[in-house]
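What follows is a single structure, written as structure tokens, with notes after it.
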Amino acid sequence: MTTDVRTIEWTGDGLRLLDQTVLPGRVEYLTVRDVDALVDAIRRLAVRGAPALGVAGAFGVALAVRQAAREGWDDARRDAAIARVRTARPTAVNLAAGVDRVLPFAAKGADAVAVEAQAVLDEDVRGNRAIGVLGADWILGRTGGDRPLRVLTHCNAGALATAGWGTALGVVRELHGRGRVETVYADETRPLLQGSRLTAWELRQAGIPCVVQADAAAPSTILRGLVDVAVIGADRVAANGDTANKIGSLGVALACRAAGIPFVVAAPWSTVDLALPDGTGVPIEQRPAEEILAWNGAPTVPDGVEAFNPAFDVTPARLVTALVTETGVLEVSSGDTPGHVRSGA
Ligand SMILES: CSC[C@@H](O)[C@@H](O)C(=O)COP(=O)(O)O
């Protein structure tokens with residue numbers, strides 16, 4: 001699927017987004033020509049996943065610059081629109097980073113911004129390929145033997161969550177290409193079923209065996225010895241290696257530690273936030289209560305009960321066996337951290 005389905009594409013006057021809310025039932029695209037529509041698409045997860053948000057944010061600046069010219073906005077109105085894109089979701093650092101990267105081109109017009117945004121997209125695909133190879137090499141070196149592996153993943157860190165190929169699923173694709181995947185346990189992922197709707201769809205398209213399980217099953221599956229390695233993505237990695245990812249990732253990490261199997265985070269360097277010393281500063285998105293209080297429009301809790309709906313959790317660095325980026329593998333729980341890379345220590 002990664003070669004013929006594009007998650008995000010700039011059409012010259014807008015963005016074409018694969019609508020991730022209607023998969024796997026329908027493969028449909030949204031055409032987004034103004035900032036309001038993009039912010040809405042980001043908030044309701046039509047486009048989602050940290051690297052994909054980075055690309056959408058970068059093209060979002062082109063969209064805002066174009067709209068400003070079309071509708072005669074002054075600079076203040078244009079900048080406010082860009083700020084709305086930048087903050088549409090708080091946890092993935094890539095969104096703000098994608099916007100910031102292309103901002104210096106805004107004065108040269110929408111086309112110049114779009115050229116730089118396309119570079120963000122192309123770099124992401126290249127980076128994911130590298131992550132796949134590095135991650136597969138590390139996992140095979142660590143797990144030993146030559147039997148196919150049972151891999152667990154959480155949420156969707158695949159082609160859909162990126163500009164193509166995927167991070168965690170890029171590693172899985174590479175392992176599969178080497179004949180080393182027995183099966184993938186895809187956690188279904190609350191609240192919007194990114195694992196069962198999206199990860200299982202991608203794996204099936206790629207011919208990679210998988211089963212979907214409830215998020216709550218993951219620790220037990222791991223402790224029963226049914227998993228060799230867990231590989232997940234990330235929305236933000238602090239300088240010390242603390243890792244924010246989809247709610248439920250922490251339970252997977254704790255179970256991996258208890259079972260003595262590797263917990264591997266696969267993410268581009270653009271997901272590393274060196275300005276944050278540790279994970280306590282990660283802004284955790286609170287999603288709308290309705291995602292928990294109702295299912296298919298029908299209430300799931302008694303009247304008057306409220307919901308707590310954090311979309312992400314933070315896994316402490318001591319539980320992260322390895323962080324795979326396009327630049328190499330850091331063995332985080334053994335003391336390698338992104339901050340050490342920066343300082344050269
Ligand atoms: C390569 S995507 C990494 C993460 O962004 C992914 O695992 C995740 O948690 C996505 O959350 P989502 O709420 O679907 O945007």
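Every chain in the structure tokens has a letter given in the order shown (A, B, ...), and although residue numbers restart at 1 in each chain, ligands are simply numbered from 1 in the order shown.
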With only C-alpha atoms and all ligand atoms counted, collect every polymer residue having an atom within 8 Å of ligand 1; state the result as a short mmCIF file (atom, residue, chain, number, x, y, z; two decimals) with N, CA and C atoms, in the first residue's frame.
```
data_model
loop_
_atom_site.label_atom_id
_atom_site.label_comp_id
_atom_site.auth_asym_id
_atom_site.auth_seq_id
_atom_site.Cartn_x
_atom_site.Cartn_y
_atom_site.Cartn_z
N LEU A 45 -8.79 13.76 13.67
CA LEU A 45 -7.88 12.65 13.34
C LEU A 45 -8.07 12.11 11.92
N VAL A 47 -6.31 13.34 9.61
CA VAL A 47 -4.86 13.18 9.43
C VAL A 47 -4.28 13.14 10.83
N ARG A 48 -3.38 12.17 11.05
CA ARG A 48 -2.93 11.93 12.43
C ARG A 48 -1.59 11.20 12.39
N GLY A 49 -0.99 11.02 13.59
CA GLY A 49 0.34 10.42 13.65
C GLY A 49 1.37 11.54 13.60
N ALA A 50 2.36 11.48 14.49
CA ALA A 50 3.26 12.62 14.66
C ALA A 50 3.93 13.09 13.36
N PRO A 51 4.59 12.20 12.61
CA PRO A 51 5.27 12.71 11.41
C PRO A 51 4.29 13.24 10.36
N ALA A 52 3.13 12.59 10.23
CA ALA A 52 2.13 13.08 9.26
C ALA A 52 1.64 14.47 9.69
N LEU A 53 1.52 14.68 10.99
CA LEU A 53 1.11 16.01 11.47
C LEU A 53 2.18 17.05 11.16
N ALA A 92 2.16 15.88 19.82
CA ALA A 92 3.21 15.57 18.82
C ALA A 92 4.03 16.82 18.53
N HIS A 154 1.41 -0.90 19.10
CA HIS A 154 0.30 -0.18 19.74
C HIS A 154 -0.01 1.05 18.91
N CYS A 155 -1.30 1.34 18.74
CA CYS A 155 -1.75 2.46 17.91
C CYS A 155 -1.35 2.21 16.45
N ASN A 156 -1.17 3.26 15.69
CA ASN A 156 -0.71 3.10 14.30
C ASN A 156 0.48 4.01 14.07
N ALA A 157 1.62 3.38 13.85
CA ALA A 157 2.84 4.12 13.52
C ALA A 157 3.32 3.61 12.16
N GLY A 158 2.40 3.65 11.22
CA GLY A 158 2.68 3.11 9.89
C GLY A 158 2.73 4.18 8.84
N ALA A 159 2.51 3.76 7.58
CA ALA A 159 2.52 4.71 6.45
C ALA A 159 1.48 5.79 6.66
N ALA A 161 0.49 7.15 9.39
CA ALA A 161 0.87 8.10 10.44
C ALA A 161 2.07 8.95 10.05
N THR A 162 2.57 8.71 8.85
CA THR A 162 3.80 9.36 8.39
C THR A 162 3.58 9.81 6.93
N GLY A 166 6.31 4.26 7.26
CA GLY A 166 6.04 4.12 8.70
C GLY A 166 7.30 4.01 9.53
N THR A 167 7.12 4.22 10.83
CA THR A 167 8.25 4.12 11.76
C THR A 167 8.24 2.72 12.39
N ALA A 168 7.37 2.50 13.39
CA ALA A 168 7.29 1.16 13.97
C ALA A 168 6.91 0.13 12.90
N LEU A 192 -10.07 5.71 19.33
CA LEU A 192 -10.56 5.72 17.94
C LEU A 192 -10.09 4.52 17.12
N GLN A 194 -7.24 3.18 16.29
CA GLN A 194 -6.20 3.35 15.27
C GLN A 194 -5.49 2.03 14.98
N ILE A 232 6.92 0.41 18.99
CA ILE A 232 5.89 1.45 18.90
C ILE A 232 6.50 2.73 18.33
N GLY A 233 5.64 3.71 18.03
CA GLY A 233 6.09 5.01 17.58
C GLY A 233 6.17 5.97 18.76
N ALA A 234 6.26 7.25 18.47
CA ALA A 234 6.32 8.26 19.54
C ALA A 234 5.77 9.57 19.02
N ASP A 235 5.22 10.35 19.94
CA ASP A 235 4.76 11.70 19.62
C ASP A 235 5.75 12.76 20.08
N ALA A 244 6.60 10.00 24.98
CA ALA A 244 5.13 10.11 24.95
C ALA A 244 4.62 9.40 23.71
N ASN A 245 3.64 8.55 23.91
CA ASN A 245 2.97 7.88 22.78
C ASN A 245 1.53 7.59 23.20
N LYS A 246 0.78 7.03 22.30
CA LYS A 246 -0.65 6.77 22.50
C LYS A 246 -0.94 6.11 23.84
N ILE A 247 -2.01 6.56 24.47
CA ILE A 247 -2.39 6.03 25.78
C ILE A 247 -2.44 4.49 25.72
N ALA A 266 10.39 3.54 17.79
CA ALA A 266 10.90 3.90 16.46
C ALA A 266 10.32 5.26 16.09
N ALA A 267 11.16 6.25 15.91
CA ALA A 267 10.67 7.61 15.63
C ALA A 267 11.75 8.42 14.93
N ALA A 311 -5.10 11.34 25.71
CA ALA A 311 -4.81 10.62 24.47
C ALA A 311 -3.43 9.97 24.48
N PHE A 312 -2.58 10.38 25.41
CA PHE A 312 -1.19 9.90 25.40
C PHE A 312 -0.72 9.60 26.81
#
```
>> For stretch 316-327 of chain A, find every residue with an atom within 6 Å (counting only C-alpha atoms), except residues of its own chain fewer than 2 positions away, and show them as a ChimeraX atom specification.
In response: /A:127,130-131,135,241-242,262-269,329-333
With C-alpha atoms retained, export the selected residues as an mmCIF file, in the first residue's frame.
```cif
data_model
loop_
_atom_site.group_PDB
_atom_site.id
_atom_site.type_symbol
_atom_site.label_atom_id
_atom_site.label_comp_id
_atom_site.auth_asym_id
_atom_site.auth_seq_id
_atom_site.Cartn_x
_atom_site.Cartn_y
_atom_site.Cartn_z
ATOM 1 C CA GLY A 127 14.081 8.618 7.299
ATOM 2 C CA ALA A 130 16.452 4.079 7.427
ATOM 3 C CA ILE A 131 14.579 3.533 10.700
ATOM 4 C CA GLY A 135 15.479 -1.151 13.813
ATOM 5 C CA GLY A 241 14.559 9.469 26.529
ATOM 6 C CA ASP A 242 11.166 9.664 28.264
ATOM 7 C CA PRO A 262 12.816 -5.362 24.405
ATOM 8 C CA PHE A 263 10.511 -2.335 24.257
ATOM 9 C CA VAL A 264 11.578 -0.464 21.129
ATOM 10 C CA VAL A 265 10.539 3.068 20.162
ATOM 11 C CA ALA A 266 10.903 3.905 16.462
ATOM 12 C CA ALA A 267 10.666 7.609 15.634
ATOM 13 C CA PRO A 268 12.340 10.196 13.422
ATOM 14 C CA TRP A 269 14.750 12.634 15.016
ATOM 15 C CA VAL A 329 19.922 3.312 17.711
ATOM 16 C CA LEU A 330 20.152 4.611 21.273
ATOM 17 C CA GLU A 331 19.984 2.016 24.039
ATOM 18 C CA VAL A 332 18.066 4.341 26.326
ATOM 19 C CA SER A 333 17.563 2.177 29.411
#
```
>> Which residues are close to A:Asn240, i.e. within 9 Å by only C-alpha atoms, leaving aside same-chain residues fewer than 4 positions away? Reply as a list in words.
In response: Leu274, Leu276, Pro277, Asp278, Gly279, Pro316, Ala317, Val332, Gly335, Asp336, Thr337, Pro338, Gly339 and His340 of chain A
Write out the residues from the selection above, keeping N, CA and C atoms, as a CSV table (one decimal), in the first residue's frame.
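Writing the result to out-v5.csv gives the following:
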```csv
chain,number,residue,atom,x,y,z
A,274,LEU,N,14.5,18.3,22.3
A,274,LEU,CA,15.6,18.5,23.2
A,274,LEU,C,15.4,19.6,24.2
A,276,LEU,N,13.0,19.8,26.1
A,276,LEU,CA,12.3,19.2,27.3
A,276,LEU,C,13.4,18.2,28.0
A,277,PRO,N,13.8,18.6,29.2
A,277,PRO,CA,14.7,17.7,29.8
A,277,PRO,C,14.2,16.3,30.1
A,278,ASP,N,12.9,16.2,30.4
A,278,ASP,CA,12.3,14.9,30.7
A,278,ASP,C,10.8,15.0,30.4
A,279,GLY,N,10.1,13.8,30.5
A,279,GLY,CA,8.7,13.7,30.1
A,279,GLY,C,7.7,14.4,30.9
A,316,PRO,N,8.7,6.1,31.0
A,316,PRO,CA,10.0,6.6,31.5
A,316,PRO,C,11.1,6.0,30.7
A,317,ALA,N,12.2,6.7,30.6
A,317,ALA,CA,13.3,6.3,29.8
A,317,ALA,C,13.9,4.9,30.3
A,332,VAL,N,18.4,3.3,25.4
A,332,VAL,CA,18.1,4.3,26.3
A,332,VAL,C,18.1,3.8,27.8
A,335,GLY,N,21.4,4.0,29.2
A,335,GLY,CA,22.1,5.3,29.5
A,335,GLY,C,22.3,6.1,28.3
A,336,ASP,N,22.1,5.6,27.0
A,336,ASP,CA,22.2,6.4,25.8
A,336,ASP,C,20.9,7.3,25.7
A,337,THR,N,21.1,8.6,25.6
A,337,THR,CA,19.9,9.4,25.5
A,337,THR,C,20.0,10.4,24.4
A,338,PRO,N,18.9,10.9,23.8
A,338,PRO,CA,19.1,12.0,22.8
A,338,PRO,C,19.9,13.2,23.3
A,339,GLY,N,19.7,13.5,24.6
A,339,GLY,CA,20.5,14.6,25.1
A,339,GLY,C,22.0,14.4,25.1
A,340,HIS,N,22.4,13.1,25.3
A,340,HIS,CA,23.8,12.8,25.3
A,340,HIS,C,24.3,12.9,23.8
```
>> Going by DSSP on the backbone, which residues of stretch 1-214 of chain A come out as strand (DSSP E or B)? List them as a list in words.
In response: Ile8, Glu9, Trp10, Leu15, Arg16, Leu17, Leu18, Tyr29, Leu30, Thr31, Val32, Leu149, Arg150, Val151, Leu152, Thr153, Gly158, Gly166, Val181, Glu182, Thr183, Val184, Tyr185, Ala186, Asp187, Cys210, Val211, Val212 and Gln213 of chain A
Output file for the residues above (N, CA and C atoms, as a short mmCIF file (atom, residue, chain, number, x, y, z; two decimals), in the first residue's frame):
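File again13.cif, as written:
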```
data_model
loop_
_atom_site.label_atom_id
_atom_site.label_comp_id
_atom_site.auth_asym_id
_atom_site.auth_seq_id
_atom_site.Cartn_x
_atom_site.Cartn_y
_atom_site.Cartn_z
N ILE A 8 -0.69 12.16 2.40
CA ILE A 8 -0.76 13.62 2.25
C ILE A 8 -0.11 14.02 0.94
N GLU A 9 -0.80 14.88 0.20
CA GLU A 9 -0.24 15.34 -1.07
C GLU A 9 -0.62 16.80 -1.29
N TRP A 10 0.32 17.61 -1.73
CA TRP A 10 0.03 19.01 -2.07
C TRP A 10 -0.40 19.05 -3.52
N LEU A 15 -4.47 20.73 -0.03
CA LEU A 15 -3.92 19.47 0.46
C LEU A 15 -4.92 18.35 0.20
N ARG A 16 -4.40 17.24 -0.28
CA ARG A 16 -5.23 16.05 -0.46
C ARG A 16 -4.84 15.09 0.66
N LEU A 17 -5.81 14.77 1.51
CA LEU A 17 -5.53 13.94 2.68
C LEU A 17 -6.32 12.65 2.58
N LEU A 18 -5.67 11.53 2.84
CA LEU A 18 -6.40 10.27 2.96
C LEU A 18 -7.19 10.35 4.27
N TYR A 29 -10.60 10.43 0.04
CA TYR A 29 -9.68 11.56 0.22
C TYR A 29 -10.45 12.84 0.50
N LEU A 30 -9.85 13.68 1.32
CA LEU A 30 -10.41 15.01 1.59
C LEU A 30 -9.56 16.01 0.84
N THR A 31 -10.19 17.00 0.23
CA THR A 31 -9.41 18.10 -0.33
C THR A 31 -9.60 19.31 0.56
N VAL A 32 -8.49 19.81 1.08
CA VAL A 32 -8.52 20.87 2.08
C VAL A 32 -7.93 22.13 1.45
N LEU A 149 9.73 -13.66 14.24
CA LEU A 149 9.41 -13.06 15.54
C LEU A 149 7.93 -12.73 15.67
N ARG A 150 7.51 -12.73 16.94
CA ARG A 150 6.16 -12.27 17.28
C ARG A 150 6.31 -10.85 17.82
N VAL A 151 5.72 -9.92 17.08
CA VAL A 151 5.92 -8.50 17.37
C VAL A 151 4.61 -7.91 17.88
N LEU A 152 4.70 -7.06 18.89
CA LEU A 152 3.50 -6.35 19.35
C LEU A 152 3.66 -4.87 19.03
N THR A 153 2.58 -4.27 18.54
CA THR A 153 2.62 -2.82 18.32
C THR A 153 1.33 -2.19 18.86
N GLY A 158 2.40 3.65 11.22
CA GLY A 158 2.68 3.11 9.89
C GLY A 158 2.73 4.18 8.84
N GLY A 166 6.31 4.26 7.26
CA GLY A 166 6.04 4.12 8.70
C GLY A 166 7.30 4.01 9.53
N VAL A 181 9.01 -12.21 10.33
CA VAL A 181 7.82 -11.91 11.14
C VAL A 181 6.91 -13.13 11.13
N GLU A 182 6.65 -13.65 12.34
CA GLU A 182 5.65 -14.72 12.44
C GLU A 182 4.26 -14.09 12.47
N THR A 183 4.07 -13.16 13.41
CA THR A 183 2.80 -12.44 13.46
C THR A 183 2.97 -11.13 14.22
N VAL A 184 2.01 -10.25 14.02
CA VAL A 184 2.00 -8.97 14.73
C VAL A 184 0.73 -8.91 15.58
N TYR A 185 0.89 -8.65 16.86
CA TYR A 185 -0.25 -8.33 17.72
C TYR A 185 -0.47 -6.83 17.62
N ALA A 186 -1.61 -6.45 17.04
CA ALA A 186 -1.94 -5.02 16.91
C ALA A 186 -2.95 -4.67 17.98
N ASP A 187 -2.52 -3.85 18.95
CA ASP A 187 -3.48 -3.40 19.99
C ASP A 187 -4.53 -2.52 19.31
N CYS A 210 -1.30 -10.72 11.07
CA CYS A 210 -1.54 -9.97 12.30
C CYS A 210 -2.83 -10.41 12.95
N VAL A 211 -2.88 -10.19 14.26
CA VAL A 211 -4.14 -10.34 14.99
C VAL A 211 -4.35 -9.04 15.76
N VAL A 212 -5.61 -8.68 15.91
CA VAL A 212 -5.95 -7.50 16.70
C VAL A 212 -6.37 -7.96 18.08
N GLN A 213 -5.90 -7.25 19.10
CA GLN A 213 -6.33 -7.59 20.45
C GLN A 213 -6.74 -6.31 21.19
#
```
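For stretch 67-80 of chain A, the non-local neighbours within 8 Å, defined as residues at least 4 positions apart in the same chain or in other chains and counting only C-alpha atoms, are Arg33, Asp34, Val35, Leu63 and Arg84 of chain A.
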